[in-house]
Each structure stands twice: as C-alpha cells, then as structure tokens.
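Trainee: You'll find protein.csv just under this line, and it carries CSV, C-alpha atoms.
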```
chain,number,residue,atom,x,y,z
Y,1,MET,CA,7.2,2.4,26.5
Y,2,THR,CA,9.3,5.6,25.8
Y,3,ILE,CA,8.4,7.1,22.5
Y,4,ARG,CA,11.3,8.5,20.6
Y,5,SER,CA,11.2,10.8,17.6
Y,6,ALA,CA,10.0,8.6,14.7
Y,7,PRO,CA,11.5,8.7,11.3
Y,8,SER,CA,9.7,10.3,8.4
Y,9,VAL,CA,8.1,8.1,5.7
Y,10,PRO,CA,10.2,8.7,2.6
Y,11,GLU,CA,8.3,10.1,-0.3
Y,12,GLY,CA,7.9,8.0,-3.4
Y,13,ILE,CA,6.3,4.9,-4.8
Y,14,TYR,CA,5.4,2.0,-2.5
Y,15,THR,CA,4.1,-1.4,-3.6
Y,16,PRO,CA,1.6,-3.4,-1.6
Y,17,ILE,CA,2.7,-6.9,-2.6
Y,18,PRO,CA,0.5,-9.9,-3.0
Y,19,THR,CA,1.2,-13.1,-1.1
Y,20,PHE,CA,2.1,-15.9,-3.4
Y,21,TYR,CA,1.1,-19.5,-2.6
Y,22,LYS,CA,2.2,-23.0,-3.7
Y,23,SER,CA,-0.4,-25.0,-5.5
Y,24,GLN,CA,-0.3,-27.6,-2.8
Y,25,LYS,CA,-2.5,-26.6,0.2
Y,26,PHE,CA,-1.9,-22.8,-0.2
Y,27,ALA,CA,1.5,-22.9,1.4
Y,28,VAL,CA,3.1,-19.5,1.3
Y,29,ASP,CA,5.7,-19.3,-1.5
Y,30,PHE,CA,8.4,-17.2,0.1
Y,31,GLU,CA,10.8,-17.8,-2.8
Y,32,THR,CA,8.5,-16.1,-5.3
Y,33,THR,CA,7.7,-13.4,-2.8
Y,34,VAL,CA,11.5,-12.6,-2.5
Y,35,LYS,CA,12.0,-12.6,-6.3
Y,36,HIS,CA,9.1,-10.2,-6.8
Y,37,ALA,CA,10.5,-7.9,-4.0
Y,38,GLN,CA,14.0,-8.0,-5.6
Y,39,MET,CA,12.5,-7.0,-9.0
Y,40,LEU,CA,10.8,-4.0,-7.3
Y,41,HIS,CA,13.9,-3.0,-5.4
Y,42,LYS,CA,15.9,-3.0,-8.6
Y,43,ALA,CA,13.3,-1.0,-10.4
Y,44,GLY,CA,13.5,1.9,-7.9
Y,45,ILE,CA,10.5,1.3,-5.7
Y,46,THR,CA,10.8,3.1,-2.4
Y,47,GLY,CA,9.4,0.3,-0.3
Y,48,LEU,CA,6.8,-2.4,0.2
Y,49,VAL,CA,3.7,-3.1,2.2
Y,50,VAL,CA,4.1,-6.7,3.3
Y,51,SER,CA,0.9,-8.6,4.3
Y,52,GLY,CA,-1.4,-5.7,3.8
Y,53,SER,CA,-4.8,-5.9,2.2
Y,54,MET,CA,-3.3,-6.8,-1.2
Y,55,GLY,CA,-1.2,-9.4,0.7
Y,56,GLU,CA,-4.2,-11.0,2.4
Y,57,SER,CA,-3.2,-10.1,6.0
Y,58,THR,CA,-6.4,-11.6,7.3
Y,59,ASN,CA,-5.7,-14.9,5.6
Y,60,LEU,CA,-2.2,-15.3,7.0
Y,61,THR,CA,-1.0,-16.5,10.3
Y,62,LEU,CA,1.1,-14.3,12.6
Y,63,GLN,CA,4.1,-16.5,11.9
Y,64,GLU,CA,3.6,-16.3,8.1
Y,65,ARG,CA,3.4,-12.5,8.3
Y,66,CYS,CA,6.7,-12.5,10.3
Y,67,ASN,CA,8.3,-14.9,7.9
Y,68,SER,CA,7.3,-12.8,4.9
Y,69,LEU,CA,9.0,-9.8,6.4
Y,70,LYS,CA,12.2,-11.7,7.4
Y,71,SER,CA,12.6,-13.4,4.0
Y,72,ILE,CA,12.4,-10.1,2.2
Y,73,ARG,CA,14.7,-8.2,4.6
Y,74,ASP,CA,17.3,-11.0,4.6
Y,75,ALA,CA,17.3,-10.9,0.8
Y,76,ILE,CA,17.3,-7.1,0.6
Y,77,PRO,CA,19.2,-5.6,3.6
Y,78,ASP,CA,19.2,-2.1,2.0
Y,79,PRO,CA,18.1,0.2,4.8
Y,80,ASN,CA,16.7,2.7,2.3
Y,81,PHE,CA,14.3,0.1,1.0
Y,82,LYS,CA,11.4,0.5,3.5
Y,83,LEU,CA,9.2,-2.4,4.6
Y,84,ILE,CA,5.8,-1.5,5.9
Y,85,ALA,CA,4.2,-4.3,7.9
Y,86,GLY,CA,0.5,-5.0,7.5
Y,87,VAL,CA,-1.6,-6.3,10.3
Y,88,PRO,CA,-5.2,-7.7,10.2
Y,89,PRO,CA,-7.9,-5.6,12.0
Y,90,SER,CA,-7.4,-6.4,15.6
Y,91,ASN,CA,-7.5,-5.1,19.2
Y,92,VAL,CA,-5.0,-2.7,20.6
Y,93,ALA,CA,-3.0,-5.2,22.6
Y,94,ASP,CA,-2.5,-7.6,19.7
Y,95,VAL,CA,-1.5,-4.8,17.3
Y,96,ILE,CA,1.1,-3.6,19.8
Y,97,ALA,CA,2.4,-7.2,20.3
Y,98,GLU,CA,2.7,-7.7,16.5
Y,99,SER,CA,4.5,-4.4,16.1
Y,100,GLN,CA,7.5,-5.8,18.1
Y,101,LEU,CA,7.6,-9.0,16.1
Y,102,ALA,CA,7.4,-7.0,12.8
Y,103,ALA,CA,10.3,-4.8,14.0
Y,104,ASP,CA,12.3,-7.9,15.0
Y,105,ASN,CA,11.8,-9.2,11.5
Y,106,GLY,CA,12.9,-6.1,9.6
Y,107,ALA,CA,9.9,-3.8,9.2
Y,108,ASP,CA,10.4,-0.1,9.4
Y,109,PHE,CA,6.7,1.0,9.8
Y,110,LEU,CA,3.4,-0.6,10.7
Y,111,ILE,CA,0.2,0.2,8.7
Y,112,VAL,CA,-3.0,-0.1,10.7
Y,113,LEU,CA,-6.6,0.0,9.4
Y,114,VAL,CA,-9.1,2.3,10.9
Y,115,PRO,CA,-11.1,0.1,13.3
Y,116,GLY,CA,-14.5,-0.3,11.6
Y,117,TYR,CA,-15.9,-3.6,12.8
Y,118,PHE,CA,-18.7,-2.0,14.8
Y,119,GLY,CA,-19.6,0.5,12.0
Y,120,PRO,CA,-20.2,4.2,12.0
Y,121,ASN,CA,-23.2,4.1,14.4
Y,122,LEU,CA,-20.9,3.0,17.2
Y,123,VAL,CA,-17.4,4.1,16.2
Y,124,ASN,CA,-17.1,7.8,16.6
Y,125,GLN,CA,-14.1,10.1,16.0
Y,126,GLN,CA,-13.0,10.1,19.7
Y,127,GLY,CA,-13.0,6.3,19.5
Y,128,ILE,CA,-10.7,6.4,16.5
Y,129,VAL,CA,-8.4,8.9,18.3
Y,130,ASP,CA,-8.3,6.6,21.4
Y,131,TYR,CA,-7.5,3.5,19.3
Y,132,PHE,CA,-4.7,5.0,17.4
Y,133,GLN,CA,-3.2,6.8,20.3
Y,134,TYR,CA,-3.1,3.7,22.4
Y,135,VAL,CA,-1.6,1.7,19.6
Y,136,ALA,CA,1.0,4.3,18.7
Y,137,SER,CA,2.0,4.8,22.4
Y,138,GLY,CA,2.8,1.1,22.7
Y,139,SER,CA,4.0,0.3,19.2
Y,140,ALA,CA,7.6,-0.7,18.5
Y,141,LEU,CA,7.2,0.9,15.0
Y,142,PRO,CA,6.0,4.2,13.7
Y,143,ILE,CA,2.3,4.0,12.7
Y,144,ILE,CA,0.8,4.7,9.2
Y,145,ILE,CA,-3.0,5.0,9.4
Y,146,TYR,CA,-4.8,3.1,6.7
Y,147,ASN,CA,-7.9,5.0,5.7
Y,148,TYR,CA,-9.9,2.6,3.5
Y,149,PRO,CA,-13.6,3.2,4.2
Y,150,ASN,CA,-14.8,0.4,1.9
Y,151,THR,CA,-13.2,-2.3,4.0
Y,152,CYS,CA,-14.1,-0.6,7.4
Y,153,ASN,CA,-17.9,-0.5,7.2
Y,154,ASN,CA,-17.6,3.1,5.9
Y,155,VAL,CA,-16.0,4.3,9.1
Y,156,ASN,CA,-14.0,7.4,8.0
Y,157,ILE,CA,-11.8,10.0,9.6
Y,158,ASN,CA,-12.4,13.7,9.6
Y,159,ILE,CA,-9.8,16.4,9.3
Y,160,GLU,CA,-10.0,17.3,13.0
Y,161,THR,CA,-9.2,13.7,13.9
Y,162,PHE,CA,-6.2,13.7,11.6
Y,163,ALA,CA,-5.0,16.9,13.1
Y,164,THR,CA,-5.2,15.4,16.6
Y,165,LEU,CA,-3.5,12.1,15.6
Y,166,SER,CA,-0.7,13.8,13.6
Y,167,GLN,CA,0.5,15.4,16.9
Y,168,HIS,CA,1.4,11.9,18.3
Y,169,PRO,CA,5.1,11.4,17.8
Y,170,ASN,CA,4.7,7.8,16.7
Y,171,ILE,CA,2.0,8.4,14.1
Y,172,VAL,CA,3.8,9.4,10.9
Y,173,GLY,CA,1.3,9.3,8.0
Y,174,VAL,CA,-1.8,8.0,6.3
Y,175,LYS,CA,-2.6,5.9,3.2
Y,176,LEU,CA,-5.8,7.3,1.7
Y,177,THR,CA,-7.7,4.7,-0.3
Y,178,HIS,CA,-10.6,6.7,-1.4
Y,179,TYR,CA,-11.3,9.5,-3.9
Y,180,ASN,CA,-12.2,12.3,-1.4
Y,181,PHE,CA,-10.0,15.1,-2.8
Y,182,ASP,CA,-11.4,17.5,-0.2
Y,183,MET,CA,-9.4,15.4,2.3
Y,184,TYR,CA,-6.4,15.1,0.1
Y,185,THR,CA,-6.2,18.9,-0.3
Y,186,LEU,CA,-6.8,19.6,3.4
Y,187,LEU,CA,-4.0,17.2,4.4
Y,188,GLY,CA,-1.6,18.3,1.6
Y,189,TYR,CA,-1.9,22.0,1.9
Y,190,ASP,CA,-1.9,22.4,5.7
Y,191,SER,CA,1.8,22.8,6.6
Y,192,SER,CA,1.1,21.8,10.2
Y,193,PHE,CA,0.9,18.1,9.2
Y,194,GLU,CA,4.4,18.0,7.7
Y,195,ALA,CA,5.6,20.1,10.7
Y,196,ASN,CA,4.3,17.2,12.8
Y,197,ASN,CA,6.2,14.6,10.7
Y,198,PHE,CA,2.9,13.4,9.2
Y,199,ARG,CA,2.8,12.6,5.5
Y,200,SER,CA,-0.1,11.6,3.3
Y,201,PHE,CA,-0.1,9.1,0.4
Y,202,THR,CA,-2.8,8.1,-2.0
Y,203,GLY,CA,-3.6,4.4,-2.2
Y,204,LEU,CA,-4.7,4.9,-5.8
Y,205,GLY,CA,-2.1,5.2,-8.5
Y,206,GLN,CA,-4.8,6.1,-11.0
Y,207,VAL,CA,-4.8,9.6,-9.3
Y,208,LEU,CA,-1.1,9.9,-8.5
Y,209,VAL,CA,-0.6,13.2,-10.5
Y,210,PRO,CA,-3.7,14.9,-9.1
Y,211,SER,CA,-2.5,13.8,-5.6
Y,212,LEU,CA,1.0,15.2,-6.1
Y,213,SER,CA,-0.6,18.4,-7.3
Y,214,VAL,CA,-2.1,18.9,-3.8
Y,215,ASN,CA,1.2,18.1,-2.1
Y,216,LEU,CA,0.8,14.4,-1.2
Y,217,PHE,CA,4.1,12.5,-1.0
Y,218,GLY,CA,3.5,9.6,-3.4
Y,219,THR,CA,1.4,6.5,-3.6
Y,220,ILE,CA,1.0,3.0,-2.1
Y,221,ASP,CA,-0.5,1.4,-5.2
Y,222,GLY,CA,-0.9,-2.2,-6.5
Y,223,LEU,CA,-0.1,-1.3,-10.1
Y,224,SER,CA,3.5,-0.5,-9.1
Y,225,GLY,CA,3.9,-4.2,-8.4
Y,226,ILE,CA,3.4,-5.0,-12.1
Y,227,PHE,CA,4.8,-1.9,-13.7
Y,228,PRO,CA,7.3,-0.5,-11.2
Y,229,LYS,CA,9.5,1.5,-13.6
Y,230,SER,CA,6.4,3.2,-15.1
Y,231,MET,CA,5.1,4.3,-11.7
Y,232,VAL,CA,8.5,5.6,-10.6
Y,233,LYS,CA,8.8,7.4,-14.0
Y,234,LEU,CA,5.4,9.0,-13.5
Y,235,TYR,CA,6.4,10.2,-10.1
Y,236,GLN,CA,9.7,11.6,-11.4
Y,237,LEU,CA,8.1,13.3,-14.4
Y,238,TYR,CA,5.8,15.3,-12.2
Y,239,ARG,CA,8.5,16.1,-9.7
Y,240,ALA,CA,10.7,17.4,-12.6
Y,241,GLY,CA,7.9,19.7,-13.8
Y,242,GLN,CA,7.3,17.7,-17.0
Y,243,TYR,CA,3.6,18.0,-16.5
Y,244,GLU,CA,2.4,17.3,-20.1
Y,245,GLU,CA,4.4,14.1,-20.3
Y,246,ALA,CA,3.3,13.1,-16.8
Y,247,ALA,CA,-0.4,13.6,-17.7
Y,248,THR,CA,0.0,11.5,-20.8
Y,249,LEU,CA,1.5,8.6,-18.8
Y,250,GLN,CA,-1.1,9.1,-16.0
Y,251,PHE,CA,-3.8,8.6,-18.6
Y,252,LEU,CA,-2.4,5.1,-19.5
Y,253,VAL,CA,-1.7,4.2,-15.9
Y,254,THR,CA,-5.3,5.1,-15.0
Y,255,ARG,CA,-6.7,2.9,-17.8
Y,256,VAL,CA,-4.7,-0.1,-16.6
Y,257,ASP,CA,-5.3,0.6,-12.9
Y,258,LEU,CA,-9.1,0.2,-13.7
Y,259,MET,CA,-8.2,-3.6,-14.0
Y,260,ILE,CA,-7.1,-3.6,-10.4
Y,261,THR,CA,-10.1,-1.7,-9.3
Y,262,GLU,CA,-12.3,-4.4,-10.8
Y,263,LEU,CA,-10.2,-7.5,-10.1
Y,264,ASN,CA,-8.0,-6.5,-7.2
Y,265,MET,CA,-5.4,-9.1,-6.0
Y,266,LEU,CA,-6.6,-11.7,-8.5
Y,267,GLY,CA,-5.9,-9.4,-11.4
Y,268,VAL,CA,-2.5,-8.5,-10.0
Y,269,LYS,CA,-1.5,-12.1,-9.6
Y,270,HIS,CA,-2.7,-13.0,-13.1
Y,271,ALA,CA,-0.7,-10.1,-14.6
Y,272,LEU,CA,2.4,-11.0,-12.6
Y,273,ASN,CA,2.2,-14.6,-13.8
Y,274,SER,CA,1.5,-13.8,-17.4
Y,275,ILE,CA,4.1,-11.1,-17.7
Y,276,TYR,CA,6.9,-12.4,-15.4
Y,277,GLY,CA,6.0,-16.0,-14.6
Y,278,PHE,CA,5.6,-15.3,-10.9
Y,279,GLY,CA,3.4,-17.7,-8.9
Y,280,GLU,CA,2.0,-21.2,-9.0
Y,281,CYS,CA,-1.4,-20.6,-7.4
Y,282,LEU,CA,-3.1,-17.5,-8.9
Y,283,SER,CA,-6.0,-17.3,-6.4
Y,284,GLY,CA,-6.0,-16.2,-2.8
Y,285,ARG,CA,-6.7,-18.4,0.2
Y,286,PRO,CA,-10.4,-19.1,1.0
Y,287,PRO,CA,-12.6,-17.2,0.8
Y,288,LEU,CA,-10.6,-15.6,-2.1
Y,289,SER,CA,-10.1,-19.1,-3.7
Y,290,LYS,CA,-11.3,-18.4,-7.2
Y,291,ALA,CA,-9.8,-17.9,-10.6
Y,292,VAL,CA,-9.6,-14.5,-12.1
Y,293,ASN,CA,-12.4,-13.5,-14.4
Y,294,LEU,CA,-10.6,-13.6,-17.8
Y,295,THR,CA,-13.4,-11.9,-19.6
Y,296,ALA,CA,-13.0,-9.0,-17.3
Y,297,TYR,CA,-9.2,-9.0,-17.4
Y,298,ASN,CA,-9.1,-9.2,-21.2
Y,299,LYS,CA,-11.0,-5.9,-21.5
Y,300,TYR,CA,-7.8,-4.3,-20.4
Y,301,ALA,CA,-5.4,-6.3,-22.5
Y,302,GLU,CA,-4.6,-3.6,-25.1
Y,303,ASP,CA,-3.8,-1.0,-22.4
Y,304,ILE,CA,-1.8,-3.5,-20.4
Y,305,LYS,CA,0.3,-4.3,-23.5
Y,306,ARG,CA,0.8,-0.6,-24.2
Y,307,LEU,CA,2.0,0.0,-20.6
Y,308,LEU,CA,4.2,-3.1,-20.8
Y,309,ASP,CA,5.8,-1.7,-23.9
Y,310,TYR,CA,6.5,1.5,-22.1
Y,311,GLU,CA,7.9,-0.3,-19.1
Y,312,GLN,CA,10.3,-2.4,-21.2
Y,313,LYS,CA,11.8,0.7,-22.7
Y,314,LEU,CA,12.7,2.3,-19.4
```
Take the structure from the file and write it as structure tokens.

Mentor:
Amino acid sequence: MTIRSAPSVPEGIYTPIPTFYKSQKFAVDFETTVKHAQMLHKAGITGLVVSGSMGESTNLTLQERCNSLKSIRDAIPDPNFKLIAGVPPSNVADVIAESQLAADNGADFLIVLVPGYFGPNLVNQQGIVDYFQYVASGSALPIIIYNYPNTCNNVNINIETFATLSQHPNIVGVKLTHYNFDMYTLLGYDSSFEANNFRSFTGLGQVLVPSLSVNLFGTIDGLSGIFPKSMVKLYQLYRAGQYEEAATLQFLVTRVDLMITELNMLGVKHALNSIYGFGECLSGRPPLSKAVNLTAYNKYAEDIKRLLDYEQKL
C-alpha cells in the first residue's frame, strides 16, 4: 500500500482501559466500557488504548476487539479523542489485516508488541526491524511500538533499532513499559526522533514527572483510568513549571500506582467498581479468572483515599 505521512501522536495522558464483562459467561459489557470511556473523555484524557494488555487483547476475539472500538467511537465521535487499538501478539499478515478492521471501527493508531515469542536467543535486532517495517508498510494505521520486555520473554530494543524504525513514515512512537531511564533519555533528548515524527511515552505513571524531565511526551498508564483528573493535573503542573507541586502529587500517584504494579488489571477493576460502581464481573477471562487479593489491595487503601479526595476536588 502507499504510505502517506502519518499524524503525530498528541502529547498527554492516555488510558489503557480494562475490558468489562457481564457476570454471565464473561460476555463483554460494552455498555460499561462506554460509560468508563465517557468519564475519561470528560476528565480531559487525551485518548485510550482499547484491547491492549490491560484490556486482555489475548483473551478477546477479533470481533470483540472491533466491537469495543466501534462502541466507544460511536459514543465519542470527538476526533481529538484518540483511540489506540491493541492487537494480540501475532504474525505480520494478521496484524496488517486487523489494522484495517481497527481503522474501519474508529481507531487512530495501532499499538504492537515487540515480537518476543521465540525469546532473545532467536529474536535479534534485525528481526525486530524486519517485523515492524513489514507491519508498518502494510498497516492501515500508524504504528506505536509497545516495548514491554516482561511480557515478551525479555526481548528488548536497543537505541540503534529505535533510530532505524523511527525513519519509517508509518511508525510514530513507542510506549516504554520498563524503568530503563538510559533509554528514556536517549530517546527524549535526541532531536532526530521528533524530527522523524517519532514520540516516546512512558507506560508507567509512577515515573511521569521524571519521564517528562527527559523530554518524553506523556504516559499511557492504568492509574489514569481510575484517577484521570489527577493524572491530567500532574501532567499540567509539570508543563506549567510548577515543579514542587508536581513532585508532591507525583509522590502520591507513585504510592497508589504500586497497587497496579502488584495487582494489575484485577486491582484496576476492583478500584473502578468500589469507587464508581463500574463492572459486574471483576476478574478477567481465564486464565485471569480470579478475584483480586483484598489483603494486597487494602495495603494501599489509605493512599487510594487520599488520591480520591484530591481527584474529587479537581
């Protein structure tokens, strides 16, 4: 296909939303998904990742992923509210095919995991370059690379590979879900990446302020799904040069985000239900079909309440 100049990924706060289910047979609860998305849109979130890792992409059918996108886009037609479609780890041809379906159902970007099934002994940097270049050349949507080594058999990307991939006109950014601040800094301070329309975002809101300090463009972080106004405020404080206030809020955000580090999607669903009443079934689909560990969750109850108080004043 002919590759046109791709749009930039707007800077800001993005929420990877969970997939809600009905209690009966894990049927996808599109109504609650839309209500959650509308809340986030109203709170000033820049966009959503739909059916990403938080949204259990591997546990959804292709049709369910498409329907999730369509239900949100139909309810929120605002073109400035960006939808990033998640896809499960897959081969080049299937990712390309799904990119067109995602575009047809309202997505603006496609986020694609680093291919790590075969592990670092077999997957080298040239293989990663080949994979993403083939995907991007055929994709109907601009590609955001998802660099999450813990879910990819510790297959990682080096800075030379990022430099090569950033030159592809249909590869527009990366979500960095790791704490390698060497990489954050190399990506943030090298002006050639932005010149190539390639923007880097942290996947960890607990380090949003440090990430912004090395010129990243925002975060794609699960805590923003629970406390969207607080995360937007944190971003705004830093951008306004109110560094002391930003650092104070970052401290509280980091303490609460530790709950998501420990409990992931189950903790997010429990919080969304207890605070906002969202969701019937609070587990994931098998093999994630278990209740949240309340003993673990309750360790963070005091900090969650403090952040909720802050959120409700905004």

Trainee: If we count only C-alpha atoms, what is near Thr261 in chain Y at a cut-off of 12 Å, once residues fewer than 2 positions away on the same chain are taken out, given as a ChimeraX atom specification?

Mentor: /Y:54,177-178,203-206,221-223,254-259,263-268,296-297,300

Trainee: Store the residues picked out above in a file with C-alpha atoms, as a PDB file, in the frame of the given file.

Mentor:
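again_31.pdb, written as the output of this step:
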```pdb
ATOM      1  CA  MET Y  54      -3.300  -6.800  -1.200  1.00  0.00           C
ATOM      2  CA  THR Y 177      -7.700   4.700  -0.300  1.00  0.00           C
ATOM      3  CA  HIS Y 178     -10.600   6.700  -1.400  1.00  0.00           C
ATOM      4  CA  GLY Y 203      -3.600   4.400  -2.200  1.00  0.00           C
ATOM      5  CA  LEU Y 204      -4.700   4.900  -5.800  1.00  0.00           C
ATOM      6  CA  GLY Y 205      -2.100   5.200  -8.500  1.00  0.00           C
ATOM      7  CA  GLN Y 206      -4.800   6.100 -11.000  1.00  0.00           C
ATOM      8  CA  ASP Y 221      -0.500   1.400  -5.200  1.00  0.00           C
ATOM      9  CA  GLY Y 222      -0.900  -2.200  -6.500  1.00  0.00           C
ATOM     10  CA  LEU Y 223      -0.100  -1.300 -10.100  1.00  0.00           C
ATOM     11  CA  THR Y 254      -5.300   5.100 -15.000  1.00  0.00           C
ATOM     12  CA  ARG Y 255      -6.700   2.900 -17.800  1.00  0.00           C
ATOM     13  CA  VAL Y 256      -4.700  -0.100 -16.600  1.00  0.00           C
ATOM     14  CA  ASP Y 257      -5.300   0.600 -12.900  1.00  0.00           C
ATOM     15  CA  LEU Y 258      -9.100   0.200 -13.700  1.00  0.00           C
ATOM     16  CA  MET Y 259      -8.200  -3.600 -14.000  1.00  0.00           C
ATOM     17  CA  LEU Y 263     -10.200  -7.500 -10.100  1.00  0.00           C
ATOM     18  CA  ASN Y 264      -8.000  -6.500  -7.200  1.00  0.00           C
ATOM     19  CA  MET Y 265      -5.400  -9.100  -6.000  1.00  0.00           C
ATOM     20  CA  LEU Y 266      -6.600 -11.700  -8.500  1.00  0.00           C
ATOM     21  CA  GLY Y 267      -5.900  -9.400 -11.400  1.00  0.00           C
ATOM     22  CA  VAL Y 268      -2.500  -8.500 -10.000  1.00  0.00           C
ATOM     23  CA  ALA Y 296     -13.000  -9.000 -17.300  1.00  0.00           C
ATOM     24  CA  TYR Y 297      -9.200  -9.000 -17.400  1.00  0.00           C
ATOM     25  CA  TYR Y 300      -7.800  -4.300 -20.400  1.00  0.00           C
TER      26      TYR Y 300
END
```

Trainee: At most 10 Å is the cut-off: for each residue in range 122-169 of chain Y with any atom that close to an atom of range 5-10 of chain Y, write down the nearest atom pair and the distance in Å rounded to one decimal, counting all atoms listed in the file, chain first then increasing number, as a tab-separated table.

Mentor:
```
residue	atom	partner	partner_atom	distance
Y:Leu141	CA	Y:Ala6	CA	8.2
Y:Pro142	CA	Y:Ala6	CA	6.0
Y:Ile143	CA	Y:Ala6	CA	9.2
Y:Ile144	CA	Y:Val9	CA	8.8
Y:His168	CA	Y:Ser5	CA	9.9
Y:Pro169	CA	Y:Ser5	CA	6.1
```

Trainee: CA of Asn156 in chain Y and CA of Ile111 in chain Y are how many Å apart?

Mentor: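 Rounded to one decimal, the two atoms are 15.9 Å apart.
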
Trainee: Here is a test: counting all atoms listed in the file, which residue of Y:Ser283, Y:Thr46, Y:Thr61, Y:Ser289 is nearest to Gly218 in chain Y?

Mentor: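 Checking each of Y:Ser283, Y:Thr46, Y:Thr61, Y:Ser289 against Gly218 in chain Y, counting all atoms listed in the file, the winner is Y:Thr46.
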
Trainee: Could you tell me, as a PyMOL selection string, which residues have any atom at most 12 Å from (-11.7, 11.3, -4.3), counting all atoms listed in the file?

Mentor: chain Y and resi 148-149+176-185+202-204+206-208+210-211

Trainee: Next, write the just-selected residues to a file, as a PDB file, keeping the file's coordinate frame, keeping C-alpha atoms as the atom set.

Mentor:
```pdb
ATOM      1  CA  TYR Y 148      -9.900   2.600   3.500  1.00  0.00           C
ATOM      2  CA  PRO Y 149     -13.600   3.200   4.200  1.00  0.00           C
ATOM      3  CA  LEU Y 176      -5.800   7.300   1.700  1.00  0.00           C
ATOM      4  CA  THR Y 177      -7.700   4.700  -0.300  1.00  0.00           C
ATOM      5  CA  HIS Y 178     -10.600   6.700  -1.400  1.00  0.00           C
ATOM      6  CA  TYR Y 179     -11.300   9.500  -3.900  1.00  0.00           C
ATOM      7  CA  ASN Y 180     -12.200  12.300  -1.400  1.00  0.00           C
ATOM      8  CA  PHE Y 181     -10.000  15.100  -2.800  1.00  0.00           C
ATOM      9  CA  ASP Y 182     -11.400  17.500  -0.200  1.00  0.00           C
ATOM     10  CA  MET Y 183      -9.400  15.400   2.300  1.00  0.00           C
ATOM     11  CA  TYR Y 184      -6.400  15.100   0.100  1.00  0.00           C
ATOM     12  CA  THR Y 185      -6.200  18.900  -0.300  1.00  0.00           C
ATOM     13  CA  THR Y 202      -2.800   8.100  -2.000  1.00  0.00           C
ATOM     14  CA  GLY Y 203      -3.600   4.400  -2.200  1.00  0.00           C
ATOM     15  CA  LEU Y 204      -4.700   4.900  -5.800  1.00  0.00           C
ATOM     16  CA  GLN Y 206      -4.800   6.100 -11.000  1.00  0.00           C
ATOM     17  CA  VAL Y 207      -4.800   9.600  -9.300  1.00  0.00           C
ATOM     18  CA  LEU Y 208      -1.100   9.900  -8.500  1.00  0.00           C
ATOM     19  CA  PRO Y 210      -3.700  14.900  -9.100  1.00  0.00           C
ATOM     20  CA  SER Y 211      -2.500  13.800  -5.600  1.00  0.00           C
TER      21      SER Y 211
END
```

Trainee: Quick one: of Y:Pro77, Y:Gly86, Y:Gly52, Y:Pro16, who's nearest to Pro228 in chain Y, counting all atoms listed in the file?

Mentor: Y:Pro16

Trainee: Just want the 6 Å neighbourhood of range 273-282 of chain Y, counted on only C-alpha atoms, with same-chain residues fewer than 2 positions away dropped. Output as a list of chain:residue names.

Mentor: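 In the requested format, the answer is Y:Phe20, Y:Tyr21, Y:Lys22, Y:Ser23, Y:Lys269, Y:His270, Y:Ala271.
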
Trainee: Pick out the residues sitting within 12 Å of Ala43 in chain Y, and hand them over as a PDB file with C-alpha atoms, in the frame of the given file; count only C-alpha atoms, and ignore anything fewer than 6 positions along from it in its own chain.

Mentor:
```
ATOM      1  CA  ILE Y  13       6.300   4.900  -4.800  1.00  0.00           C
ATOM      2  CA  TYR Y  14       5.400   2.000  -2.500  1.00  0.00           C
ATOM      3  CA  THR Y  15       4.100  -1.400  -3.600  1.00  0.00           C
ATOM      4  CA  HIS Y  36       9.100 -10.200  -6.800  1.00  0.00           C
ATOM      5  CA  ALA Y  37      10.500  -7.900  -4.000  1.00  0.00           C
ATOM      6  CA  PHE Y  81      14.300   0.100   1.000  1.00  0.00           C
ATOM      7  CA  SER Y 224       3.500  -0.500  -9.100  1.00  0.00           C
ATOM      8  CA  GLY Y 225       3.900  -4.200  -8.400  1.00  0.00           C
ATOM      9  CA  ILE Y 226       3.400  -5.000 -12.100  1.00  0.00           C
ATOM     10  CA  PHE Y 227       4.800  -1.900 -13.700  1.00  0.00           C
ATOM     11  CA  PRO Y 228       7.300  -0.500 -11.200  1.00  0.00           C
ATOM     12  CA  LYS Y 229       9.500   1.500 -13.600  1.00  0.00           C
ATOM     13  CA  SER Y 230       6.400   3.200 -15.100  1.00  0.00           C
ATOM     14  CA  MET Y 231       5.100   4.300 -11.700  1.00  0.00           C
ATOM     15  CA  VAL Y 232       8.500   5.600 -10.600  1.00  0.00           C
ATOM     16  CA  LYS Y 233       8.800   7.400 -14.000  1.00  0.00           C
ATOM     17  CA  GLU Y 311       7.900  -0.300 -19.100  1.00  0.00           C
ATOM     18  CA  GLN Y 312      10.300  -2.400 -21.200  1.00  0.00           C
ATOM     19  CA  LEU Y 314      12.700   2.300 -19.400  1.00  0.00           C
TER      20      LEU Y 314
END
```

Trainee: Quick one: residues within 10 Å of Glu64 in chain Y, all atoms listed in the file counted, chain neighbours fewer than 3 positions away excluded, as a ChimeraX atom specification?

Mentor: /Y:27-28,30,51,57,59-61,67-70

Trainee: Compute the distance from (10.3, 15.9, -8.5) to each atom, counting all atoms listed in the file, keep the residues with any atom at most 12 Å away, and return them as a list in words; use the coordinates of the file.

Mentor: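 Within the cut-off we find Glu11, Gly12, Val209, Leu212, Ser213, Asn215, Phe217, Gly218, Val232, Lys233, Leu234, Tyr235, Gln236, Leu237, Tyr238, Arg239, Ala240, Gly241, Gln242, Tyr243 and Ala246 of chain Y.
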